[in-house]
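Notes for the one structure printed next.
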Amino acid sequence: MKLYSNQLAAQLKQQLLPVYLLVGDEPLQLQEAGDAIKAAAAAQGFSERESHLVDKSFQWHELQNSAGNMSLFATQRIIELHMPSGKPGTKGSASIVSFVEQMPTDVMLIIRCDEWNVGNEKTKWVKTIIDKGAYLRVYQPKATELPNWIRQRCQSIGLQVDQDAIGLLSMRLEGNLLAAAQELEKLKMRYAEQMVTGRDVAGLVADNARFDVFRLTDSLLDKQASRAIRILRSLEKNDVAAVVVHWALERETRTLCELAFIRSQQRNVSAADYRRMGIWQSRQPIIQKVLNSAPLAHWESSLKALSDIDRMIKGRLPGNAWLAMEKWMVHFTQ
């Protein structure tokens, strides 16, 4: 079966499945999902646990060996596989399928993957786990979803916060749920049963936003210039190389130029065009909306301006590259 994070608790109360696959790039939700599963398993007698990191040196026969090893102290065991890449390879895939299809009743398997893409769901090993157990994918909350996540988190730990506090926490902690959870726990210890206000948060919570270049480009596509500039300044503050930011901006702009050129030839952008350029289906509507907002000349002008910024970064043209990128983003979103 496939599960969402908010369905896991109910599923564990109903039935403990033999195998769980936890995937996604948000570490707090992955950790808490794994902890919840292990706690439920411990309550049902799974008192021994062994962990394996699936890297280049990992031998897949170790998985079969783990199932066959008998313990003198426990009859039920949890085997954890941490597979950061999300790709077991041909041999690994076959090993997982074989193991899951012939799992001993006294063993539970939990697989965690940090990197993931939709195509993985079509592989045999993932389909086998969905059929025999549970597949749960976690997502980093979007900026618009974070206030609700913070509100629910506060309720779960008994922390009272007003709307101003939620808004400020959302702005400062975006992109880092682990930092958000830690800050909420600190607020709980300090204020106990008191109502936490925006003023309280402003004085105590450090700016823990961990923006990345992909959130920056998403903001640009959403025409949110002020948010994009705030993210850019955070990247600069956290010593992200200007060349990395420029790469992301140029990559997105080149994509828009190519798609706009296709449309200028009186041809609709096809699904094949999107696939060729590596644009996920979930991003296609926003790309289409952006393309409708300006002609090819606009994107070509944006790309030319980026070439000047590239020369600034490399010292071949005078100027502040970071400030130039801010001005460029304002032009991009007009």
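The chains in the structure tokens are called A, B, ... from first to last as shown; in each chain the residues are counted from 1, and the ligands are counted from 1 in the order shown.
Around A:Arg151, within 12 Å and counting only C-alpha atoms, the residues found are Glu145, Leu146, Pro147, Asn148, Trp149, Arg153, Cys154, Gln155, Ser156, Ile157, Gly158, Leu159, Gln160, Val161, Asp162, Gln163, Asp164, Ala165, Ile166, Gly167, Leu169, Ser170, Ala180, Ala181 and Leu184 of chain A, once anything fewer than 2 positions away on its own chain is removed.
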Can I get the residues of stretch 132-194 of chain A within 10 Å of stretch 109-116 of chain A, each with the closest pair of atoms and their distance in Å to one decimal, using only C-alpha atoms, sorted chain first then ascending number, as a tab-separated table?
residue	atom	partner	partner_atom	distance
A:Gly133	CA	A:Leu109	CA	9.5
A:Ala134	CA	A:Ile110	CA	9.7
A:Tyr135	CA	A:Ile111	CA	9.6
A:Leu136	CA	A:Arg112	CA	9.8
A:Arg137	CA	A:Trp116	CA	8.9
A:Val138	CA	A:Asp114	CA	9.8
Could you dump the residues just selected with N, CA and C atoms as an mmCIF file, in the first residue's frame?
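Dumped to out.cif:
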data_model
loop_
_atom_site.group_PDB
_atom_site.id
_atom_site.type_symbol
_atom_site.label_atom_id
_atom_site.label_comp_id
_atom_site.auth_asym_id
_atom_site.auth_seq_id
_atom_site.Cartn_x
_atom_site.Cartn_y
_atom_site.Cartn_z
ATOM 1 N N GLY A 133 3.865 -4.702 1.637
ATOM 2 C CA GLY A 133 3.987 -3.850 2.816
ATOM 3 C C GLY A 133 3.490 -2.445 2.560
ATOM 4 N N ALA A 134 4.320 -1.444 2.912
ATOM 5 C CA ALA A 134 3.889 -0.053 2.780
ATOM 6 C C ALA A 134 5.015 0.806 2.207
ATOM 7 N N TYR A 135 4.612 1.747 1.368
ATOM 8 C CA TYR A 135 5.518 2.719 0.759
ATOM 9 C C TYR A 135 5.083 4.105 1.201
ATOM 10 N N LEU A 136 5.998 4.844 1.822
ATOM 11 C CA LEU A 136 5.667 6.173 2.326
ATOM 12 C C LEU A 136 6.719 7.156 1.826
ATOM 13 N N ARG A 137 6.256 8.177 1.120
ATOM 14 C CA ARG A 137 7.154 9.209 0.619
ATOM 15 C C ARG A 137 6.874 10.518 1.345
ATOM 16 N N VAL A 138 7.923 11.142 1.873
ATOM 17 C CA VAL A 138 7.753 12.417 2.572
ATOM 18 C C VAL A 138 8.172 13.553 1.651
#
List the spatial neighbours of stretch 233-240 of chain A as a PyMOL selection string - criterion: any atom at most 9 Å away, only C-alpha atoms, same-chain residues fewer than 2 positions off excluded. chain A and resi 209-213+228-231+242-245+322+326
I need the residues from that last selection saved to file as a PDB file, in the first residue's frame (with C-alpha atoms), if you can.
ATOM      1  CA  ALA A 209      16.062  29.299   6.834  1.00  0.00           C
ATOM      2  CA  ARG A 210      18.043  26.962   4.603  1.00  0.00           C
ATOM      3  CA  PHE A 211      17.025  27.983   1.133  1.00  0.00           C
ATOM      4  CA  ASP A 212      18.452  26.307  -1.918  1.00  0.00           C
ATOM      5  CA  VAL A 213      18.741  27.320  -5.531  1.00  0.00           C
ATOM      6  CA  ALA A 228      13.280  35.298  -4.422  1.00  0.00           C
ATOM      7  CA  ILE A 229      15.498  38.193  -3.299  1.00  0.00           C
ATOM      8  CA  ARG A 230      15.198  37.096   0.334  1.00  0.00           C
ATOM      9  CA  ILE A 231      16.244  33.582  -0.646  1.00  0.00           C
ATOM     10  CA  ALA A 242      27.615  32.812  -6.751  1.00  0.00           C
ATOM     11  CA  VAL A 243      28.487  30.524  -9.643  1.00  0.00           C
ATOM     12  CA  VAL A 244      26.091  27.871  -8.298  1.00  0.00           C
ATOM     13  CA  VAL A 245      23.226  30.364  -8.086  1.00  0.00           C
ATOM     14  CA  TRP A 322      24.896  39.397  -6.102  1.00  0.00           C
ATOM     15  CA  GLU A 326      18.768  40.844  -7.511  1.00  0.00           C
TER      16      GLU A 326
END
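Near stretch 257-271 of chain A, within a cut-off of 12 Å and counting only C-alpha atoms, sit the residues Glu250, Arg251, Glu252, Arg276, Met277, Gly278, Ile279, Trp280, Gln281, Gln284, Pro285, Ile287, Gln288, Lys289, Val290, Leu291, Asn292, Ser293, Ala294, Pro295, Leu296, Ala297, His298, Trp299, Glu300, Ser301, Ser302, Leu303 and Lys304 of chain A, with same-chain residues fewer than 5 positions away left out.
Relative to atom CA of A:Arg283, atom CA of A:Met329 is found at 19.6 Å.
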Residue with smallest distance to A:Ser226 - pool A:Leu81, A:Val23, A:Val330, A:Ala9, counting only C-alpha atoms: A:Val330
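When the distance limit is 12 Å and only C-alpha atoms are what count, the residues near A:Phe58, minus those fewer than 4 positions from it on the same chain, are Ser51, His52, Leu53, Val54, Glu62, Leu63, Leu81, His82, Met83, Pro88, Gly89, Lys91 and Gly92 of chain A.
Minimum distance to A:Trp247 across A:Val201, A:Ala225, A:Met325, A:Leu8 (counting only C-alpha atoms) occurs at A:Met325.
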